[in-house]
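The structure under discussion appears below in the form of C-alpha cells.
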Amino acid sequence: MGYALTLAAAALFGINGTVSTLALQAGIPATRLTALRCTGAAICLLVVLAIVAPGRLRVTWREVPFLAVFGVVGVALTQFLYYVAIGRMPVGIALVFEMTAPVFIALYVWLVRREKVRSRLWLALLLSLSGLVLVAEVWQDGGSLDPIGVGAALIAALCLAAYYLLGERGTVTRDPVALTCWSFVFAALFWAVAAPWWLFDASVLTERVPVSIGSAEVPLWVLVAWIVVLGAVVPFWLSIAALRHLPPTAAGLVATAEPVFASIVAWLWLEQVLTGWQVAGGLVVLTGIVLAQTARATPVPTSLPETPAPLAT
C-alpha cells in the first residue's frame with residue numbers, strides 16, 4: 001500500500017509538470033502561477049483542517065519566524081524556480097536537476113552538522129555530477145540546455161534541501177500535516193506581497209488555451225484547478241498516507257520515479273523528446289540520488305521534490 005500510494009503521488013506530480021508547462025505556455029507568468037498554486041493549496045488545507053482538526057492549526061508567535069522562512073524558502077521559492085526551469089527546458093530534465101537536493105543535504109549535515117555519513121556519499125556525488133554533465137550535454141558549445149533554466153533548477157534544489165532540513169526541525173514540535181499547511185499559507189502570503197493580487201487580471205483565467213491534444217482547448221482556470229487539486233493537494237494527501245506504511249527513506253527512494261513519469265508524460269503529451277545522452281545522464285543522476293538518500297547515518301526525509309511533501313523525523 002505504501003509503495004502504491006507513493007507511486008501514485010509521484011505520477012500526479014509528474015503529470016502536473018506537463019499541465020504547468022501548458023499553463024506557462026498560455027502566457028501566465030511563473031510568479032502568478034506559483035501564487036495561484038500556493039494560495040489554492042493553502043485554502044484547501046486550511047478548510048480541511050478547520051473542519052476535521054481545528055486544534056492542529058494553533059500556532060504561537062514564537063513559531064511565526066520559522067514558519068515564514070520555511071514557507072518562503074521551502075515552498076514559495078522552490079515552486080517558482082521549478083516553474084522558471086520547466087518554462088525553459090524539458091520537465092523531466094528540470095526535475096533531475098532539482099532532485100539533487102539529497103546530495104546537498106548529505107553534504108550539509110557532514111560539513112556543518114558534523115554528522116557521520118557513509119562513504120557512499122562520495123560515489124553519489126560523483127554520479128550526480130557526471131550525470132548532470134551528460135544531461136546538459138556540455139560538449140555542445142557549452143551545453144544544449146538554457147543556462148537560466150539550469151541555474152533555476154539548481155537553486156530550486158538548494159531551496160528544496162533547505163525545506164527538508166527545516167522540516168526535520170519543524171516536525172519535532174508540529175505534526176507534518178499542520179506544518180505543510182502553514183508552509184503553504186506563508187508561501188501564499190509571500191506571493192500576495194511579491195505579486196499583488198490587484199495587479200492580476202483574473203479575466204485571463206476564462207480564456208481558452210490549447211492543451212496539445214488535437215485541436216482541444218479548455219479555459220485556463222481548468223489547468224489552474226488541476227495544478228492546485230491534482231498537482232498539490234491530492235498527491236500531498238497520498239504522500240501523507242504512504243508514510244503510515246513506509247519509512248521516510250523508502251518512500252523517498254520510490255519517489256525518485258517522478259522524473260521518469262514526468263519525462264514519459266511530457267514526451268507523449270508535449271512531444272518533449274530527450275536525447276540518448278540525456279536519458280543516460282538522468283539514470284546516472286537518479287542512481288546517485290538513491291545513494292545520497294541512504295548516505296546519512298540517520299533517516300532522511302521523504303523526497304517528493306516537485307511539490308514538497310510532509311516530513312518525518
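Going through the C-alpha cells in order, the chains are called A, B, and so on, while each chain numbers its residues from 1 and the ligands are numbered from 1 in the order shown.
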- Extract, using only C-alpha atoms, all DNA, RNA and protein residues at most 7 Å from A:Pro235, discarding same-chain residues fewer than 6 positions from it, and format them as an NGL selection string. :A and (9 or 12-13)
- Item | Spatial neighbours of A:Ile213, 12 Å, only C-alpha atoms, chain gap at least 6 places, as a list of chain:residue names | A:Leu22, A:Leu268, A:Trp269, A:Leu270, A:Glu271
- Separation of atom CA of A:Ala4 from atom CA of A:Arg118, in Å and rounded to one decimal: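 Rounded to one decimal, the two atoms are 29.1 Å apart.
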If we count only C-alpha atoms, what is near A:Leu286 at a cut-off of 10 Å, once residues fewer than 2 positions away on the same chain are taken out, given as a PDB file with N, CA, C and O atoms, in the first residue's frame?
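Below is the file that was written, selection-v7.pdb:
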ATOM      1  N   VAL A  96      15.276  16.303 -12.795  1.00  0.00           N
ATOM      2  CA  VAL A  96      16.542  15.622 -12.498  1.00  0.00           C
ATOM      3  C   VAL A  96      17.488  16.581 -11.769  1.00  0.00           C
ATOM      4  O   VAL A  96      18.125  16.215 -10.781  1.00  0.00           O
ATOM      5  N   PHE A  97      17.579  17.812 -12.249  1.00  0.00           N
ATOM      6  CA  PHE A  97      18.426  18.802 -11.577  1.00  0.00           C
ATOM      7  C   PHE A  97      17.907  19.087 -10.167  1.00  0.00           C
ATOM      8  O   PHE A  97      18.682  19.142  -9.211  1.00  0.00           O
ATOM      9  N   MET A  99      16.097  17.284  -8.203  1.00  0.00           N
ATOM     10  CA  MET A  99      16.120  16.152  -7.289  1.00  0.00           C
ATOM     11  C   MET A  99      17.500  15.864  -6.731  1.00  0.00           C
ATOM     12  O   MET A  99      17.676  14.921  -5.948  1.00  0.00           O
ATOM     13  N   THR A 100      18.498  16.661  -7.102  1.00  0.00           N
ATOM     14  CA  THR A 100      19.814  16.501  -6.482  1.00  0.00           C
ATOM     15  C   THR A 100      19.832  17.040  -5.051  1.00  0.00           C
ATOM     16  O   THR A 100      20.882  16.993  -4.390  1.00  0.00           O
ATOM     17  N   ALA A 124      27.913   8.915  -4.640  1.00  0.00           N
ATOM     18  CA  ALA A 124      26.674   9.614  -5.003  1.00  0.00           C
ATOM     19  C   ALA A 124      26.979  10.966  -5.628  1.00  0.00           C
ATOM     20  O   ALA A 124      26.375  11.360  -6.630  1.00  0.00           O
ATOM     21  N   LEU A 127      28.486  10.405  -9.176  1.00  0.00           N
ATOM     22  CA  LEU A 127      27.470  10.002 -10.142  1.00  0.00           C
ATOM     23  C   LEU A 127      26.554  11.172 -10.497  1.00  0.00           C
ATOM     24  O   LEU A 127      26.190  11.363 -11.665  1.00  0.00           O
ATOM     25  N   SER A 128      26.161  11.940  -9.492  1.00  0.00           N
ATOM     26  CA  SER A 128      25.256  13.060  -9.743  1.00  0.00           C
ATOM     27  C   SER A 128      25.901  14.096 -10.644  1.00  0.00           C
ATOM     28  O   SER A 128      25.282  14.577 -11.606  1.00  0.00           O
ATOM     29  N   GLY A 131      26.293  12.606 -14.152  1.00  0.00           N
ATOM     30  CA  GLY A 131      25.004  12.523 -14.827  1.00  0.00           C
ATOM     31  C   GLY A 131      24.512  13.878 -15.304  1.00  0.00           C
ATOM     32  O   GLY A 131      23.967  13.998 -16.411  1.00  0.00           O
ATOM     33  N   LEU A 253      13.005   6.946  -1.791  1.00  0.00           N
ATOM     34  CA  LEU A 253      13.600   6.209  -2.905  1.00  0.00           C
ATOM     35  C   LEU A 253      12.561   5.908  -3.978  1.00  0.00           C
ATOM     36  O   LEU A 253      12.839   6.024  -5.172  1.00  0.00           O
ATOM     37  N   THR A 256      11.715   8.768  -6.397  1.00  0.00           N
ATOM     38  CA  THR A 256      12.620   9.127  -7.492  1.00  0.00           C
ATOM     39  C   THR A 256      12.053   8.711  -8.844  1.00  0.00           C
ATOM     40  O   THR A 256      12.631   9.038  -9.883  1.00  0.00           O
ATOM     41  N   ALA A 257      10.937   8.007  -8.838  1.00  0.00           N
ATOM     42  CA  ALA A 257      10.270   7.662 -10.097  1.00  0.00           C
ATOM     43  C   ALA A 257       9.600   8.882 -10.732  1.00  0.00           C
ATOM     44  O   ALA A 257       9.198   8.833 -11.894  1.00  0.00           O
ATOM     45  N   PRO A 259      10.716  11.860 -11.959  1.00  0.00           N
ATOM     46  CA  PRO A 259      11.232  12.328 -13.255  1.00  0.00           C
ATOM     47  C   PRO A 259      10.934  11.363 -14.391  1.00  0.00           C
ATOM     48  O   PRO A 259      10.780  11.791 -15.543  1.00  0.00           O
ATOM     49  N   VAL A 260      10.863  10.068 -14.075  1.00  0.00           N
ATOM     50  CA  VAL A 260      10.537   9.085 -15.111  1.00  0.00           C
ATOM     51  C   VAL A 260       9.115   9.314 -15.600  1.00  0.00           C
ATOM     52  O   VAL A 260       8.854   9.392 -16.814  1.00  0.00           O
ATOM     53  N   GLY A 281      22.156  10.149 -18.775  1.00  0.00           N
ATOM     54  CA  GLY A 281      22.564  11.024 -17.681  1.00  0.00           C
ATOM     55  C   GLY A 281      21.536  11.064 -16.568  1.00  0.00           C
ATOM     56  O   GLY A 281      21.885  11.073 -15.374  1.00  0.00           O
ATOM     57  N   GLY A 282      20.248  11.098 -16.941  1.00  0.00           N
ATOM     58  CA  GLY A 282      19.195  11.094 -15.929  1.00  0.00           C
ATOM     59  C   GLY A 282      19.232   9.846 -15.074  1.00  0.00           C
ATOM     60  O   GLY A 282      19.056   9.909 -13.837  1.00  0.00           O
ATOM     61  N   LEU A 283      19.465   8.696 -15.682  1.00  0.00           N
ATOM     62  CA  LEU A 283      19.554   7.443 -14.925  1.00  0.00           C
ATOM     63  C   LEU A 283      20.764   7.445 -13.987  1.00  0.00           C
ATOM     64  O   LEU A 283      20.680   6.962 -12.855  1.00  0.00           O
ATOM     65  N   VAL A 284      21.876   8.010 -14.452  1.00  0.00           N
ATOM     66  CA  VAL A 284      23.064   8.101 -13.602  1.00  0.00           C
ATOM     67  C   VAL A 284      22.790   9.010 -12.398  1.00  0.00           C
ATOM     68  O   VAL A 284      23.151   8.693 -11.261  1.00  0.00           O
ATOM     69  N   GLY A 288      22.729   8.200  -8.312  1.00  0.00           N
ATOM     70  CA  GLY A 288      23.425   8.986  -7.302  1.00  0.00           C
ATOM     71  C   GLY A 288      22.497   9.479  -6.213  1.00  0.00           C
ATOM     72  O   GLY A 288      22.857   9.497  -5.025  1.00  0.00           O
ATOM     73  N   ILE A 289      21.282   9.865  -6.594  1.00  0.00           N
ATOM     74  CA  ILE A 289      20.304  10.340  -5.608  1.00  0.00           C
ATOM     75  C   ILE A 289      19.922   9.215  -4.643  1.00  0.00           C
ATOM     76  O   ILE A 289      19.808   9.423  -3.432  1.00  0.00           O
ATOM     77  N   VAL A 290      19.730   8.016  -5.177  1.00  0.00           N
ATOM     78  CA  VAL A 290      19.400   6.872  -4.332  1.00  0.00           C
ATOM     79  C   VAL A 290      20.516   6.636  -3.308  1.00  0.00           C
ATOM     80  O   VAL A 290      20.254   6.399  -2.129  1.00  0.00           O
ATOM     81  N   LEU A 291      21.763   6.713  -3.749  1.00  0.00           N
ATOM     82  CA  LEU A 291      22.884   6.536  -2.827  1.00  0.00           C
ATOM     83  C   LEU A 291      22.925   7.659  -1.793  1.00  0.00           C
ATOM     84  O   LEU A 291      23.197   7.422  -0.613  1.00  0.00           O
ATOM     85  N   ALA A 292      22.661   8.884  -2.231  1.00  0.00           N
ATOM     86  CA  ALA A 292      22.677  10.019  -1.309  1.00  0.00           C
ATOM     87  C   ALA A 292      21.570   9.904  -0.275  1.00  0.00           C
ATOM     88  O   ALA A 292      21.740  10.281   0.888  1.00  0.00           O
TER      89      ALA A 292
END
- Considering only C-alpha atoms, return as number ranges by chain whatever protein or nucleic-acid residues lie within 12 Å of stretch 47-49 of chain A, sequence-local ones (same chain, fewer than 3 positions apart) excluded. A: 40-44, 52-58, 177-182, 185, 233, 237
